[in-house]
$ cat protein_16.csv   # CSV, C-alpha atoms and all ligand atoms
chain,number,residue,atom,x,y,z
A,1,MET,CA,0.0,0.0,0.0
A,2,LYS,CA,2.7,2.5,1.0
A,3,ILE,CA,4.4,2.2,-2.4
A,4,LEU,CA,1.3,3.5,-4.1
A,5,PHE,CA,1.7,6.9,-2.4
A,6,GLU,CA,5.4,7.3,-3.1
A,7,HIS,CA,6.6,10.0,-5.5
A,8,ASN,CA,10.1,11.5,-5.9
A,9,PHE,CA,8.7,15.1,-6.0
A,10,ILE,CA,7.0,14.9,-2.7
A,11,ASP,CA,8.8,17.1,-0.1
A,12,GLU,CA,7.0,16.1,3.0
A,13,CYS,CA,4.1,13.8,3.8
A,14,ARG,CA,2.2,12.4,6.7
A,15,THR,CA,-0.6,9.9,7.1
A,16,ILE,CA,-3.1,10.8,9.8
A,17,LYS,CA,-6.5,9.5,10.9
A,18,THR,CA,-9.4,11.3,9.2
A,19,GLU,CA,-11.0,11.9,12.6
A,20,GLU,CA,-8.0,14.1,13.4
A,21,ILE,CA,-8.5,16.5,10.4
A,22,PRO,CA,-9.1,20.0,11.7
A,23,PHE,CA,-11.6,22.3,9.9
A,24,ASP,CA,-11.7,26.1,9.6
A,25,LYS,CA,-15.2,27.5,9.6
A,26,LYS,CA,-13.9,30.7,8.0
A,27,SER,CA,-12.5,29.0,4.9
A,28,ARG,CA,-15.7,29.5,2.8
A,29,ASP,CA,-15.4,33.2,3.6
A,30,TYR,CA,-11.9,33.2,2.2
A,31,CYS,CA,-13.2,31.6,-1.0
A,32,LYS,CA,-15.9,34.3,-1.2
A,33,ALA,CA,-13.2,36.9,-0.8
A,34,ASN,CA,-11.9,35.5,-4.1
A,35,LEU,CA,-8.2,36.2,-3.5
A,36,CYS,CA,-7.4,33.4,-5.9
A,37,SER,CA,-9.9,34.7,-8.4
A,38,MET,CA,-11.4,31.2,-8.9
A,39,PHE,CA,-14.6,31.7,-6.9
A,40,GLY,CA,-17.5,30.9,-9.3
A,41,LYS,CA,-15.2,30.0,-12.1
A,42,THR,CA,-15.1,26.2,-12.0
A,43,TRP,CA,-17.1,23.1,-10.9
A,44,SER,CA,-14.3,22.4,-8.4
A,45,CYS,CA,-14.6,25.6,-6.3
A,46,PRO,CA,-17.4,27.3,-4.3
A,47,PRO,CA,-20.2,28.0,-4.7
A,48,SER,CA,-20.4,24.8,-6.7
A,49,VAL,CA,-19.0,22.7,-3.8
A,50,ALA,CA,-21.2,20.8,-1.4
A,51,SER,CA,-22.0,22.3,2.0
A,52,VAL,CA,-19.2,22.1,4.6
A,53,ASP,CA,-21.3,19.5,6.5
A,54,GLU,CA,-21.6,17.4,3.4
A,55,CYS,CA,-17.9,17.7,2.7
A,56,LYS,CA,-17.2,16.5,6.3
A,57,ARG,CA,-19.6,13.6,5.7
A,58,GLN,CA,-17.8,12.6,2.5
A,59,ILE,CA,-14.4,12.8,4.2
A,60,ASN,CA,-15.6,10.7,7.2
A,61,GLY,CA,-16.3,7.8,4.8
A,62,PHE,CA,-12.6,7.2,4.8
A,63,GLU,CA,-10.3,6.1,7.6
A,64,ASN,CA,-7.0,7.7,6.6
A,65,ALA,CA,-5.7,10.9,5.2
A,66,PHE,CA,-2.4,11.1,3.2
A,67,VAL,CA,-1.2,14.7,3.3
A,68,PHE,CA,1.7,15.8,1.1
A,69,SER,CA,3.5,19.0,0.1
A,70,HIS,CA,5.6,20.1,-2.8
A,71,LYS,CA,7.7,23.2,-2.5
A,72,ARG,CA,10.3,25.3,-4.2
A,73,ARG,CA,12.4,28.4,-3.3
A,74,ILE,CA,10.7,30.9,-5.6
A,75,ASP,CA,9.3,34.4,-5.2
A,76,PHE,CA,5.5,34.3,-4.6
A,77,SER,CA,5.1,37.2,-7.0
A,78,ASP,CA,6.6,35.1,-9.8
A,79,ASN,CA,3.3,34.0,-11.3
A,80,GLU,CA,4.8,31.7,-13.9
A,81,ALA,CA,7.0,29.8,-11.4
A,82,VAL,CA,4.1,29.6,-8.9
A,83,SER,CA,1.8,28.2,-11.7
A,84,THR,CA,4.4,25.7,-12.7
A,85,LEU,CA,4.9,24.5,-9.1
A,86,ARG,CA,1.1,24.2,-8.7
A,87,ASP,CA,0.8,22.2,-11.9
A,88,GLU,CA,3.6,19.9,-10.7
A,89,THR,CA,1.8,19.4,-7.4
A,90,MET,CA,-1.4,18.5,-9.2
A,91,ASN,CA,0.5,16.1,-11.4
A,92,ILE,CA,1.8,14.3,-8.3
A,93,LEU,CA,-1.7,14.0,-7.0
A,94,HIS,CA,-3.0,12.6,-10.3
A,95,THR,CA,-0.1,10.1,-10.6
A,96,ILE,CA,-1.0,8.7,-7.1
A,97,THR,CA,-4.7,8.7,-7.7
A,98,ASP,CA,-4.3,6.9,-11.0
A,99,ARG,CA,-2.4,4.2,-9.1
A,100,LEU,CA,-5.1,3.9,-6.5
A,101,LYS,CA,-7.7,3.6,-9.2
A,102,LYS,CA,-5.8,0.9,-11.0
A,103,ASN,CA,-5.6,-1.0,-7.7
A,104,GLY,CA,-9.3,-0.5,-7.0
A,105,ILE,CA,-8.7,1.5,-3.8
A,106,LYS,CA,-11.6,3.8,-3.0
A,107,HIS,CA,-10.4,7.3,-2.3
A,108,LEU,CA,-11.2,11.0,-2.3
A,109,ALA,CA,-8.5,13.4,-3.5
A,110,LEU,CA,-8.3,17.1,-2.7
A,111,GLY,CA,-5.9,19.3,-4.7
A,112,CYS,CA,-3.8,22.4,-4.1
A,113,SER,CA,-5.9,24.5,-6.5
A,114,ALA,CA,-9.0,24.7,-8.7
A,115,CYS,CA,-9.3,21.7,-11.0
A,116,ASN,CA,-7.0,22.3,-14.0
A,117,ILE,CA,-7.8,19.2,-16.1
A,118,CYS,CA,-9.5,21.2,-18.9
A,119,LYS,CA,-7.9,24.4,-20.4
A,120,ASN,CA,-11.3,26.0,-20.0
A,121,CYS,CA,-13.7,24.7,-17.5
A,122,SER,CA,-17.2,24.0,-18.7
A,123,TYR,CA,-18.7,25.9,-15.7
A,124,PRO,CA,-21.4,27.0,-15.6
A,125,ASP,CA,-22.8,26.3,-19.1
A,126,SER,CA,-22.5,22.5,-19.2
A,127,PRO,CA,-21.7,19.7,-16.7
A,128,CYS,CA,-18.2,18.9,-15.7
A,129,ARG,CA,-16.5,16.9,-18.5
A,130,PHE,CA,-14.5,14.6,-16.3
A,131,PRO,CA,-16.4,14.2,-13.0
A,132,ASP,CA,-14.4,11.1,-12.1
A,133,LYS,CA,-11.1,12.9,-12.4
A,134,MET,CA,-12.0,16.4,-11.2
A,135,THR,CA,-10.6,17.4,-7.8
A,136,HIS,CA,-11.7,20.1,-5.4
A,137,PRO,CA,-9.1,22.2,-3.6
A,138,VAL,CA,-8.3,21.2,0.0
A,139,GLU,CA,-9.5,24.7,1.2
A,140,SER,CA,-12.9,24.3,-0.4
A,141,TYR,CA,-13.5,21.4,2.0
A,142,ALA,CA,-12.9,23.8,4.8
A,143,ILE,CA,-9.8,21.9,5.9
A,144,ASP,CA,-7.3,23.8,8.0
A,145,VAL,CA,-3.9,23.0,6.5
A,146,LYS,CA,-1.9,25.1,8.8
A,147,LYS,CA,-3.3,23.2,11.8
A,148,ILE,CA,-2.4,19.9,10.2
A,149,CYS,CA,1.1,21.2,9.8
A,150,ASP,CA,1.2,22.3,13.4
A,151,MET,CA,-0.1,18.9,14.5
A,152,THR,CA,2.3,16.8,12.4
A,153,ALA,CA,5.4,19.1,12.3
A,154,MET,CA,5.1,19.6,8.6
A,155,THR,CA,6.5,22.9,7.2
A,156,TYR,CA,3.7,25.3,6.4
A,157,LEU,CA,5.6,28.4,5.6
A,158,ALA,CA,9.3,28.8,4.8
A,159,GLU,CA,11.2,31.9,3.8
A,160,ASN,CA,11.2,32.6,0.0
A,161,THR,CA,9.5,29.3,-0.6
A,162,VAL,CA,6.1,28.5,-2.0
A,163,THR,CA,4.5,25.3,-0.7
A,164,PHE,CA,1.4,23.5,-2.0
A,165,PHE,CA,-0.5,20.8,-0.2
A,166,CYS,CA,-2.8,18.0,-1.3
A,167,ILE,CA,-4.7,15.4,0.7
A,168,ILE,CA,-5.9,11.9,-0.4
A,169,PHE,CA,-8.5,10.2,1.8
A,170,TYR,CA,-8.6,6.4,1.6
B,201,LIG,S1,-12.7,18.4,-15.3
B,201,LIG,FE1,-12.8,20.2,-16.6
B,201,LIG,S2,-15.0,20.7,-16.6
B,201,LIG,FE2,-14.6,19.4,-14.8
B,201,LIG,S3,-14.1,20.9,-13.1
B,201,LIG,FE3,-12.2,20.2,-14.0
B,201,LIG,S4,-11.7,21.9,-15.5
B,201,LIG,FE4,-13.9,22.0,-15.0
$ encode --input "protein_16.csv" --output "structure tokens"
Amino acid sequence: MKILFEHNFIDECRTIKTEEIPFDKKSRDYCKANLCSMFGKTWSCPPSVASVDECKRQINGFENAFVFSHKRRIDFSDNEAVSTLRDETMNILHTITDRLKKNGIKHLALGCSACNICKNCSYPDSPCRFPDKMTHPVESYAIDVKKICDMTAMTYLAENTVTFFCIIFY
């Protein structure tokens, strides 16, 4: 099982029990504030994400949570470098979830950004083109990533470094 989650580009990872996952009630307010400019832009982000209670119910259907980060020393204002790092992190996530699918392991994957599978999301004009592959951002499920880092001694912030996080429930 452990080998399915291995990837050379993962910088840090932890496996914790789903019941330990902390939530941040304010996270949906952050989505509405639209600092990432993705609010109301894709099927993967609020407001087209289930209620926080429903998200918790979905998560609680799984026993374990594999949390991983991918980071690089880059300037946060370097949009191209940040975007490349984000895409790399999502590629790690999809590589692992493809393995889980091949091995028939039921899971729920949450990414580090809005779903980026299609160049232009079909939202809101037509249904999601790949509902089986689409991933919601960790934050859209109201999960408090900073608290997870505090609990598990993972690095949340490092100087001159951008870090992205994903979680796979299984
Ligand atoms: S798979 Fe495509 S249509 Fe579905 S949420 Fe992702 S980008 Fe949008």
$ residues_around --input "protein_16.csv" --residues "Lys32 (chain A)" --least-positions-apart "4" --cutoff "8 Å" --atoms "only C-alpha atoms" --output "list of chain:residue names"
A:Arg28, A:Phe39, A:Pro46
$ atom_distance --input "protein_16.csv" --atom1 "atom FE2 of ligand LIG 201 (chain B)" --atom2 "CA of Ala109 (chain A)"
14.2 Å
$ closest_residue --input "protein_16.csv" --among "A:Asn60, A:Asn34, A:Ser126, A:Asn91" --to "Ser140 (chain A)" --atoms "all atoms listed in the file"
A:Asn34
$ closest_residue --input "protein_16.csv" --among "A:Val145, A:Ala65, A:Ala50, A:Ile21" --to "Phe164 (chain A)" --atoms "all atoms listed in the file"
A:Val145
$ residues_around --input "protein_16.csv" --residues "region 98-106 of chain A" --least-positions-apart "6" --cutoff "9 Å" --atoms "all atoms listed in the file" --output "count of residues only"
5
$ residues_near_point --input "protein_16.csv" --point "(-15.1, 29.8, -14.4)" --cutoff "10 Å" --atoms "only C-alpha atoms" --output "VMD selection string"
chain A and resid 37 to 45 114 120 to 125
$ closest_residue --input "protein_16.csv" --among "A:Leu108, A:Ile148, A:Cys166, A:Leu93" --to "Glu20 (chain A)" --atoms "all atoms listed in the file"
A:Ile148
$ closest_residue --input "protein_16.csv" --among "A:Glu139, A:Glu159, A:Glu6, A:Asp132" --to "ligand LIG 201 (chain B)" --atoms "all atoms listed in the file"
A:Asp132
$ atom_distance --input "protein_16.csv" --atom1 "atom S3 of ligand LIG 201 (chain B)" --atom2 "CA of Ser51 (chain A)"
17.1 Å
$ atom_distance --input "protein_16.csv" --atom1 "CA of Glu63 (chain A)" --atom2 "atom FE3 of ligand LIG 201 (chain B)"
25.9 Å
$ residues_around --input "protein_16.csv" --residues "Lys71 (chain A)" --least-positions-apart "6" --cutoff "8 Å" --atoms "only C-alpha atoms" --output "VMD selection string"
chain A and resid 11 85 161 to 164
$ closest_residue --input "protein_16.csv" --among "A:Cys13, A:Met151, A:Cys55, A:Leu157" --to "Arg73 (chain A)" --atoms "only C-alpha atoms"
A:Leu157
$ closest_residue --input "protein_16.csv" --among "A:His136, A:Lys146, A:Lys56, A:Arg14" --to "ligand LIG 201 (chain B)" --atoms "all atoms listed in the file"
A:His136
$ residues_around --input "protein_16.csv" --residues "Phe9 (chain A)" --least-positions-apart "3" --cutoff "9 Å" --atoms "all atoms listed in the file" --output "PDB file with C-alpha atoms, in the frame of the given file"
ATOM      1  CA  GLU A   6       5.400   7.300  -3.100  1.00  0.00           C
ATOM      2  CA  SER A  69       3.500  19.000   0.100  1.00  0.00           C
ATOM      3  CA  HIS A  70       5.600  20.100  -2.800  1.00  0.00           C
ATOM      4  CA  LYS A  71       7.700  23.200  -2.500  1.00  0.00           C
ATOM      5  CA  GLU A  88       3.600  19.900 -10.700  1.00  0.00           C
ATOM      6  CA  THR A  89       1.800  19.400  -7.400  1.00  0.00           C
ATOM      7  CA  ILE A  92       1.800  14.300  -8.300  1.00  0.00           C
TER       8      ILE A  92
END
$ axis_aligned_box --input "protein_16.csv" --around "region 9-20 of chain A" --padding-each-side "5 Å" --output "AutoDock Vina command-line options"
--center_x -1.1 --center_y 13.3 --center_z 3.7 --size_x 29.8 --size_y 17.6 --size_z 29.4
